[in-house]
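To be precise, the following lines are final_7.cif, and they hold mmCIF, C-alpha atoms and all ligand atoms.
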```
data_query
loop_
_atom_site.label_atom_id
_atom_site.label_comp_id
_atom_site.auth_asym_id
_atom_site.auth_seq_id
_atom_site.Cartn_x
_atom_site.Cartn_y
_atom_site.Cartn_z
CA MET A 4 -24.20 -41.26 156.85
CA LYS A 5 -23.01 -44.76 156.02
CA PRO A 6 -25.65 -47.35 155.11
CA ASN A 7 -26.86 -48.85 158.40
CA GLU A 8 -26.99 -52.48 157.39
CA GLY A 9 -28.32 -54.73 160.10
CA LEU A 10 -28.92 -52.07 162.75
CA VAL A 11 -31.63 -52.78 165.31
CA ILE A 12 -33.21 -49.96 167.30
CA ALA A 13 -35.17 -51.40 170.24
CA ILE A 14 -37.89 -49.20 171.71
CA ASP A 15 -39.65 -50.61 174.78
CA GLY A 16 -42.08 -49.23 177.31
CA PRO A 17 -45.58 -49.54 178.73
CA SER A 18 -48.82 -48.92 176.80
CA ALA A 19 -49.35 -45.46 175.35
CA SER A 20 -45.89 -44.24 176.36
CA GLY A 21 -45.45 -42.82 172.86
CA LYS A 22 -43.60 -45.91 171.57
CA SER A 23 -45.64 -46.51 168.43
CA THR A 24 -45.63 -42.99 167.06
CA VAL A 25 -41.98 -42.46 167.94
CA SER A 26 -40.91 -45.82 166.50
CA ARG A 27 -42.77 -45.28 163.22
CA GLN A 28 -41.31 -41.82 162.78
CA VAL A 29 -37.77 -42.90 163.66
CA ALA A 30 -38.06 -45.71 161.11
CA GLN A 31 -39.32 -43.26 158.49
CA ALA A 32 -36.59 -40.72 159.17
CA LEU A 33 -33.84 -43.35 158.90
CA ALA A 34 -35.51 -45.36 156.09
CA PHE A 35 -35.50 -48.47 158.34
CA ILE A 36 -38.17 -51.20 158.48
CA TYR A 37 -40.73 -50.73 161.28
CA VAL A 38 -41.87 -53.71 163.36
CA ASP A 39 -44.64 -53.51 165.97
CA SER A 40 -43.96 -56.63 168.04
CA GLY A 41 -47.22 -56.13 169.97
CA SER A 42 -49.10 -56.75 166.71
CA LEU A 43 -47.87 -60.37 166.73
CA TYR A 44 -49.15 -60.92 170.30
CA ARG A 45 -52.39 -59.24 169.27
CA GLY A 46 -52.49 -61.40 166.12
CA MET A 47 -52.16 -64.57 168.19
CA THR A 48 -54.94 -63.30 170.46
CA TRP A 49 -57.16 -62.47 167.48
CA LYS A 50 -56.62 -65.99 166.14
CA ALA A 51 -57.62 -67.48 169.51
CA VAL A 52 -60.79 -65.37 169.68
CA GLN A 53 -61.63 -66.29 166.07
CA SER A 54 -61.12 -69.96 166.79
CA GLY A 55 -63.20 -69.89 169.98
CA VAL A 56 -60.16 -70.77 172.10
CA ASP A 57 -60.25 -69.67 175.75
CA VAL A 58 -57.03 -67.67 176.25
CA ARG A 59 -56.75 -68.83 179.86
CA ASP A 60 -56.36 -72.39 178.54
CA ALA A 61 -52.65 -72.17 177.64
CA GLU A 62 -52.56 -75.70 176.20
CA ALA A 63 -55.39 -74.94 173.80
CA VAL A 64 -53.72 -71.69 172.73
CA VAL A 65 -50.43 -73.51 172.08
CA ARG A 66 -52.23 -76.23 170.09
CA MET A 67 -53.92 -73.58 167.97
CA MET A 68 -50.59 -71.76 167.54
CA ASN A 69 -48.80 -74.90 166.37
CA GLU A 70 -51.45 -75.45 163.70
CA SER A 71 -51.38 -71.86 162.45
CA LYS A 72 -49.41 -70.69 159.44
CA TRP A 73 -47.88 -67.21 159.53
CA GLU A 74 -46.57 -65.26 156.58
CA PHE A 75 -44.80 -61.92 156.90
CA PHE A 76 -44.55 -59.22 154.26
CA ILE A 77 -43.57 -55.57 153.95
CA GLU A 78 -45.68 -52.66 152.78
CA GLU A 79 -44.04 -49.25 152.66
CA ARG A 80 -41.30 -50.38 155.06
CA VAL A 81 -43.78 -51.70 157.65
CA VAL A 82 -43.97 -55.42 158.49
CA TYR A 83 -47.45 -57.01 158.32
CA PHE A 84 -48.56 -60.63 158.43
CA GLN A 85 -51.26 -63.09 157.51
CA ILE A 86 -52.34 -65.92 159.76
CA ASP A 87 -53.78 -68.83 157.81
CA GLY A 88 -54.22 -66.57 154.81
CA VAL A 89 -56.02 -63.73 156.64
CA ASP A 90 -54.54 -60.30 157.37
CA PRO A 91 -55.95 -59.38 160.80
CA ARG A 92 -54.63 -55.79 160.99
CA ASP A 93 -58.08 -54.18 161.25
CA PHE A 94 -59.06 -56.28 164.25
CA LEU A 95 -55.92 -56.04 166.36
CA ARG A 96 -56.92 -53.02 168.44
CA LYS A 97 -60.52 -54.11 169.15
CA GLU A 98 -61.65 -54.65 172.69
CA ALA A 99 -61.90 -58.45 172.38
CA VAL A 100 -58.18 -58.55 171.58
CA ARG A 101 -57.11 -55.75 173.91
CA GLU A 102 -58.61 -57.34 177.01
CA ARG A 103 -57.06 -60.76 176.33
CA VAL A 104 -53.66 -60.01 174.83
CA SER A 105 -51.72 -59.85 178.11
CA ASP A 106 -52.93 -63.35 179.03
CA VAL A 107 -51.79 -64.72 175.67
CA ALA A 108 -48.46 -62.85 175.92
CA ALA A 109 -47.80 -64.46 179.30
CA ILE A 110 -47.73 -67.99 177.83
CA PRO A 111 -44.03 -69.01 177.56
CA GLU A 112 -44.50 -71.11 174.37
CA VAL A 113 -46.24 -68.16 172.68
CA ARG A 114 -43.35 -65.89 173.63
CA ARG A 115 -40.82 -68.40 172.32
CA PHE A 116 -42.66 -68.64 168.99
CA ILE A 117 -43.01 -64.87 168.59
CA VAL A 118 -39.47 -64.04 169.73
CA ALA A 119 -38.13 -66.44 167.07
CA ARG A 120 -40.26 -64.73 164.36
CA LEU A 121 -39.13 -61.28 165.56
CA ARG A 122 -35.46 -62.23 165.40
CA GLU A 123 -35.90 -63.36 161.80
CA MET A 124 -37.03 -59.85 160.92
CA SER A 125 -33.50 -58.49 161.03
CA ASP A 126 -33.13 -60.33 157.69
CA PHE A 127 -35.30 -57.57 156.19
CA GLY A 128 -32.49 -55.05 156.87
CA SER A 129 -32.11 -52.35 159.50
CA ILE A 130 -35.16 -52.21 161.74
CA VAL A 131 -36.89 -50.23 164.44
CA MET A 132 -38.76 -52.66 166.67
CA GLU A 133 -41.06 -51.59 169.46
CA GLY A 134 -42.39 -53.71 172.30
CA ARG A 135 -41.90 -54.75 175.90
CA ASP A 136 -38.85 -57.02 175.79
CA ILE A 137 -37.00 -56.07 172.61
CA GLY A 138 -33.90 -54.68 174.35
CA SER A 139 -33.97 -57.27 177.12
CA VAL A 140 -34.81 -60.53 175.29
CA VAL A 141 -35.27 -60.26 171.52
CA PHE A 142 -32.15 -58.23 170.63
CA PRO A 143 -30.20 -57.85 173.89
CA GLU A 144 -26.95 -57.32 171.95
CA THR A 145 -28.04 -54.17 170.12
CA SER A 146 -26.41 -50.89 171.15
CA TRP A 147 -29.62 -48.99 170.44
CA LYS A 148 -32.06 -49.44 173.30
CA TYR A 149 -34.65 -46.95 174.47
CA TYR A 150 -37.23 -47.25 177.20
CA LEU A 151 -40.04 -44.72 176.83
CA ASP A 152 -42.28 -43.96 179.77
CA ALA A 153 -44.87 -41.35 180.75
CA ASP A 154 -47.10 -40.71 183.76
CA PRO A 155 -50.21 -42.93 183.84
CA GLU A 156 -52.54 -39.91 183.55
CA GLU A 157 -50.80 -38.72 180.42
CA ARG A 158 -50.75 -42.22 178.96
CA ALA A 159 -54.50 -42.61 179.62
CA ARG A 160 -55.17 -39.25 177.95
CA ARG A 161 -53.15 -40.26 174.87
CA ARG A 162 -54.84 -43.65 174.54
CA PHE A 163 -58.29 -42.10 175.10
CA LYS A 164 -57.66 -39.72 172.20
CA GLU A 165 -56.56 -42.61 169.96
CA LEU A 166 -59.58 -44.73 170.87
CA GLN A 167 -62.02 -41.89 170.28
CA VAL A 168 -60.97 -41.96 166.66
CA SER A 169 -61.57 -45.67 166.22
CA GLU A 170 -64.42 -46.48 168.63
CA SER A 171 -66.38 -44.93 171.47
CA ALA A 172 -64.36 -45.16 174.65
CA ALA A 173 -66.28 -44.90 177.92
CA CYS A 174 -64.10 -42.33 179.71
CA VAL A 175 -60.50 -41.49 180.49
CA GLN A 176 -60.79 -43.28 183.83
CA SER A 177 -61.84 -46.59 182.27
CA VAL A 178 -59.04 -46.32 179.69
CA LYS A 179 -56.59 -45.68 182.53
CA ASP A 180 -57.93 -48.69 184.48
CA SER A 181 -57.51 -50.91 181.42
CA LEU A 182 -53.94 -49.65 180.81
CA LEU A 183 -52.96 -50.18 184.43
CA ARG A 184 -54.46 -53.68 184.45
CA ARG A 185 -52.38 -54.57 181.39
CA ASP A 186 -49.25 -52.88 182.84
CA HIS A 187 -49.67 -54.94 185.98
CA LYS A 188 -49.95 -58.22 184.04
CA ASP A 189 -47.03 -57.23 181.79
CA THR A 190 -44.68 -56.29 184.63
CA THR A 191 -45.49 -59.19 186.93
CA ARG A 192 -45.57 -62.14 184.52
CA ALA A 193 -42.92 -64.82 185.02
CA THR A 194 -41.59 -64.86 181.45
CA ALA A 195 -39.92 -61.74 180.01
CA PRO A 196 -41.77 -59.15 182.12
CA LEU A 197 -41.69 -55.53 181.02
CA GLN A 198 -38.48 -54.09 182.46
CA ILE A 199 -35.81 -51.59 181.60
CA ALA A 200 -33.21 -53.47 179.55
CA LEU A 201 -29.60 -53.31 180.60
CA GLY A 202 -28.02 -50.36 178.81
CA ALA A 203 -31.34 -48.82 177.74
CA LYS A 204 -31.73 -45.07 177.73
CA VAL A 205 -34.83 -44.14 179.73
CA VAL A 206 -36.87 -41.27 178.28
CA ASN A 207 -39.81 -39.82 180.18
CA THR A 208 -42.08 -38.42 177.47
CA THR A 209 -44.75 -36.88 179.75
CA ASN A 210 -43.73 -33.34 178.90
CA MET A 211 -41.95 -33.99 175.63
CA GLY A 212 -43.37 -33.61 172.14
CA ILE A 213 -43.15 -36.64 169.85
CA ASP A 214 -40.88 -34.69 167.50
CA ASP A 215 -38.36 -34.03 170.28
CA VAL A 216 -38.10 -37.73 171.13
CA VAL A 217 -37.81 -38.72 167.46
CA GLN A 218 -35.18 -36.08 166.86
CA MET A 219 -33.15 -37.21 169.85
CA ILE A 220 -33.04 -40.86 168.72
CA VAL A 221 -32.40 -40.08 165.06
CA SER A 222 -29.54 -37.72 165.82
CA GLU A 223 -27.94 -40.19 168.24
CA VAL A 224 -28.02 -42.92 165.60
CA ASN A 225 -26.79 -40.58 162.86
CA ARG A 226 -24.02 -39.21 165.04
CA SER A 227 -22.45 -42.55 165.77
CA ASN A 228 -22.88 -43.85 162.21
CA GLY A 229 -21.91 -40.67 160.44
O1 LIG B 301 -50.00 -50.34 171.95
P1 LIG B 301 -49.81 -50.91 173.30
O2 LIG B 301 -48.49 -50.51 173.91
O3 LIG B 301 -50.97 -50.69 174.21
O4 LIG B 301 -49.78 -52.46 173.17
P2 LIG B 301 -48.94 -53.37 172.19
O5 LIG B 301 -47.55 -52.87 172.04
O6 LIG B 301 -49.74 -53.58 170.95
O7 LIG B 301 -48.87 -54.73 173.03
C1 LIG B 301 -50.04 -55.40 173.40
C2 LIG B 301 -49.68 -56.43 174.46
O8 LIG B 301 -48.81 -57.41 173.90
C3 LIG B 301 -48.97 -55.90 175.69
O9 LIG B 301 -49.85 -55.44 176.69
C4 LIG B 301 -48.18 -57.12 176.14
O10 LIG B 301 -48.98 -57.96 176.92
C5 LIG B 301 -47.87 -57.84 174.85
N1 LIG B 301 -46.50 -57.61 174.35
C6 LIG B 301 -45.46 -58.31 174.91
O11 LIG B 301 -45.68 -59.06 175.84
N2 LIG B 301 -44.20 -58.21 174.42
C7 LIG B 301 -43.94 -57.39 173.40
N3 LIG B 301 -42.69 -57.31 172.91
C8 LIG B 301 -44.98 -56.63 172.82
C9 LIG B 301 -46.26 -56.75 173.31
#
```
Output the file's structure in the form of structure tokens.
Amino acid sequence: MKPNEGLVIAIDGPSASGKSTVSRQVAQALAFIYVDSGSLYRGMTWKAVQSGVDVRDAEAVVRMMNESKWEFFIEERVVYFQIDGVDPRDFLRKEAVRERVSDVAAIPEVRRFIVARLREMSDFGSIVMEGRDIGSVVFPETSWKYYLDADPEERARRRFKELQVSESAACVQSVKDSLLRRDHKDTTRATAPLQIALGAKVVNTTNMGIDDVVQMIVSEVNRSNG
């Protein structure tokens, strides 16, 4: 395989569609840098909660954003960041962030700021970036676009399992309600709603193992660069 300088693999889809695990493993298999774009939206939300900013007050969020200083760095081929000198990674999946992130992600100025940061990440080298609008807005010109989906029941079961590890989740039904609420906000917002990007390959992962999805993507990339 030739060195894949500057390749971007965009992996989009709704919550708990298998995106994160697949994206991380594809990045590992190809020795690419992994970028979780949702972590930046979560980071912005964390910063708002920390600063006591009401996320429904878009002006206040944008003011806070404009005063914040972001620094990006790589650890073991994964992109992380600090906001005003603090690395928020341990707080990004907490309920306070989870329940507010779709409101923050719907603010056009926030999206503009984060999309610009995400585009700069191709300077790190070849990347696998997962999110909601990577193939449609952030890197629309890439030839590598995947849209992963799964039935809501299966997605709720997967997320429930993940949450059980990190915190006590009420029940599968409440996890499913929370996912569907976020899906609804993400697909109906005016700016860059979640949608299948032009040219994206749609993969329904309901009955597929993670390994099968990873294998499919890796061999497609290897085949056309080999
Ligand atoms: O892990 P999960 O798919 O549940 O969420 P995430 O990828 O961490 O994204 C959290 C939230 O950030 C989503 O519900 C979207 O509101 C927003 N987001 C977005 O708007 N655009 C992206 N490219 C990535 C995330």
Kindly provide the residues of chain A that approach ligand LIG 301 (chain B) to within 6 Å, each paired with its closest atom pair and their distance in Å to one decimal, based on only C-alpha atoms and all ligand atoms, listed by chain and increasing number, as JSON lines.
```
{"residue": "A:Pro17", "atom": "CA", "partner": "B:LIG301", "partner_atom": "O2", "distance": 5.7}
{"residue": "A:Ser18", "atom": "CA", "partner": "B:LIG301", "partner_atom": "O2", "distance": 3.3}
{"residue": "A:Ala19", "atom": "CA", "partner": "B:LIG301", "partner_atom": "O2", "distance": 5.3}
{"residue": "A:Ser40", "atom": "CA", "partner": "B:LIG301", "partner_atom": "C8", "distance": 4.9}
{"residue": "A:Gly41", "atom": "CA", "partner": "B:LIG301", "partner_atom": "C9", "distance": 3.5}
{"residue": "A:Ser42", "atom": "CA", "partner": "B:LIG301", "partner_atom": "O6", "distance": 5.3}
{"residue": "A:Tyr44", "atom": "CA", "partner": "B:LIG301", "partner_atom": "O8", "distance": 5.0}
{"residue": "A:Val104", "atom": "CA", "partner": "B:LIG301", "partner_atom": "C2", "distance": 5.4}
{"residue": "A:Ser105", "atom": "CA", "partner": "B:LIG301", "partner_atom": "O10", "distance": 3.5}
{"residue": "A:Ala108", "atom": "CA", "partner": "B:LIG301", "partner_atom": "O11", "distance": 4.7}
{"residue": "A:Gly134", "atom": "CA", "partner": "B:LIG301", "partner_atom": "N3", "distance": 3.7}
{"residue": "A:Arg135", "atom": "CA", "partner": "B:LIG301", "partner_atom": "N3", "distance": 4.0}
{"residue": "A:Asp136", "atom": "CA", "partner": "B:LIG301", "partner_atom": "N3", "distance": 4.8}
{"residue": "A:Ile137", "atom": "CA", "partner": "B:LIG301", "partner_atom": "N3", "distance": 5.8}
{"residue": "A:Arg185", "atom": "CA", "partner": "B:LIG301", "partner_atom": "O9", "distance": 5.4}
{"residue": "A:Asp189", "atom": "CA", "partner": "B:LIG301", "partner_atom": "O10", "distance": 5.3}
```
**Item:** Residue with smallest distance to Val38 of chain A - pool A:Asp152, A:Glu62, A:Asp90, A:Glu78, counting only C-alpha atoms
**Value:**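 So, comparing all the options, the nearest one is A:Glu78.
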**Message:** Using all atoms listed in the file for the distances, tell me which of A:Gln53, A:Gly21, A:Gly46, A:Ser129 is nearest to Glu74 of chain A.
**Reply:**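 For Glu74 of chain A, the nearest of the candidates is A:Gly46.
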**Request:** Give me the residues within 7 Å of Val25 of chain A as a list in words, counting only C-alpha atoms and dropping any in the same chain fewer than 3 places off.
**Result:** Gly21, Lys22, Gln28, Val29, Ile213, Val216 and Val217 of chain A
**Item:** Residue among A:Thr48, A:Asn225, A:Gln85, A:Ser139 lying closest to Met67 of chain A, counting all atoms listed in the file
**Value:**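 So, comparing all the options, the nearest one is A:Thr48.
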**Spatial neighbours of Glu79 of chain A, max dist 12 Å, all atoms listed in the file, sep filter under 4 positions, as a ChimeraX atom specification** = /A:27,30-31,34-38,83
**Message:** So, with only C-alpha atoms as the atoms that count, which of A:Val224, A:Val140, A:Ile117, A:Ala159 lies closest to Asp180 of chain A?
**Reply:**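 Between A:Val224, A:Val140, A:Ile117, A:Ala159, the residue approaching Asp180 of chain A most closely is A:Ala159.
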**Request:** Would you mind telling me which residue in A:Ser20, A:Ala13, A:Pro155, A:Ile86 lies nearest to Arg184 of chain A when using only C-alpha atoms?
**Result:**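 The answer is A:Pro155, which sits nearest to Arg184 of chain A.
Among the candidates A:Phe127, A:Phe94, A:Phe116, A:Tyr150, the one nearest to Phe76 of chain A when counting all atoms listed in the file is A:Phe127.
The space between atom CA of Asp106 of chain A and atom CA of Ala51 of chain A spans 11.4 Å.
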**Request:** Find the distance between atom CA of Val131 of chain A and atom CA of Ile12 of chain A and write it in Å to one decimal.
**Result:**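 Computing the Euclidean distance for atom CA of Val131 of chain A and atom CA of Ile12 of chain A yields 4.7 Å.
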**Message:** Which residues are near segment 87-89 of chain A? Cut-off 10 Å, only C-alpha atoms, ignore same chain within fewer than 6 positions. Put them as a ChimeraX atom specification.
**Reply:** /A:50,70-74
Neighbours of point (-63.1, -43.1, 180.7) within 12 Å, using all atoms listed in the file, written as a PDB file with C-alpha atoms, in the frame of the given file:
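What follows is the written file point-v3.pdb:
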```
ATOM      1  CA  GLU A 156     -52.540 -39.910 183.550  1.00  0.00           C
ATOM      2  CA  ALA A 159     -54.500 -42.610 179.620  1.00  0.00           C
ATOM      3  CA  ARG A 160     -55.170 -39.250 177.950  1.00  0.00           C
ATOM      4  CA  ARG A 161     -53.150 -40.260 174.870  1.00  0.00           C
ATOM      5  CA  ARG A 162     -54.840 -43.650 174.540  1.00  0.00           C
ATOM      6  CA  PHE A 163     -58.290 -42.100 175.100  1.00  0.00           C
ATOM      7  CA  LYS A 164     -57.660 -39.720 172.200  1.00  0.00           C
ATOM      8  CA  LEU A 166     -59.580 -44.730 170.870  1.00  0.00           C
ATOM      9  CA  GLN A 167     -62.020 -41.890 170.280  1.00  0.00           C
ATOM     10  CA  SER A 171     -66.380 -44.930 171.470  1.00  0.00           C
ATOM     11  CA  ALA A 172     -64.360 -45.160 174.650  1.00  0.00           C
ATOM     12  CA  ALA A 173     -66.280 -44.900 177.920  1.00  0.00           C
ATOM     13  CA  CYS A 174     -64.100 -42.330 179.710  1.00  0.00           C
ATOM     14  CA  VAL A 175     -60.500 -41.490 180.490  1.00  0.00           C
ATOM     15  CA  GLN A 176     -60.790 -43.280 183.830  1.00  0.00           C
ATOM     16  CA  SER A 177     -61.840 -46.590 182.270  1.00  0.00           C
ATOM     17  CA  VAL A 178     -59.040 -46.320 179.690  1.00  0.00           C
ATOM     18  CA  LYS A 179     -56.590 -45.680 182.530  1.00  0.00           C
ATOM     19  CA  ASP A 180     -57.930 -48.690 184.480  1.00  0.00           C
ATOM     20  CA  SER A 181     -57.510 -50.910 181.420  1.00  0.00           C
ATOM     21  CA  LEU A 182     -53.940 -49.650 180.810  1.00  0.00           C
TER      22      LEU A 182
END
```
**Message:** Can you measure atom CA of Trp49 of chain A to atom CA of Asp93 of chain A for me? One decimal in Å is fine.
**Reply:**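 It comes out at 10.4 Å.
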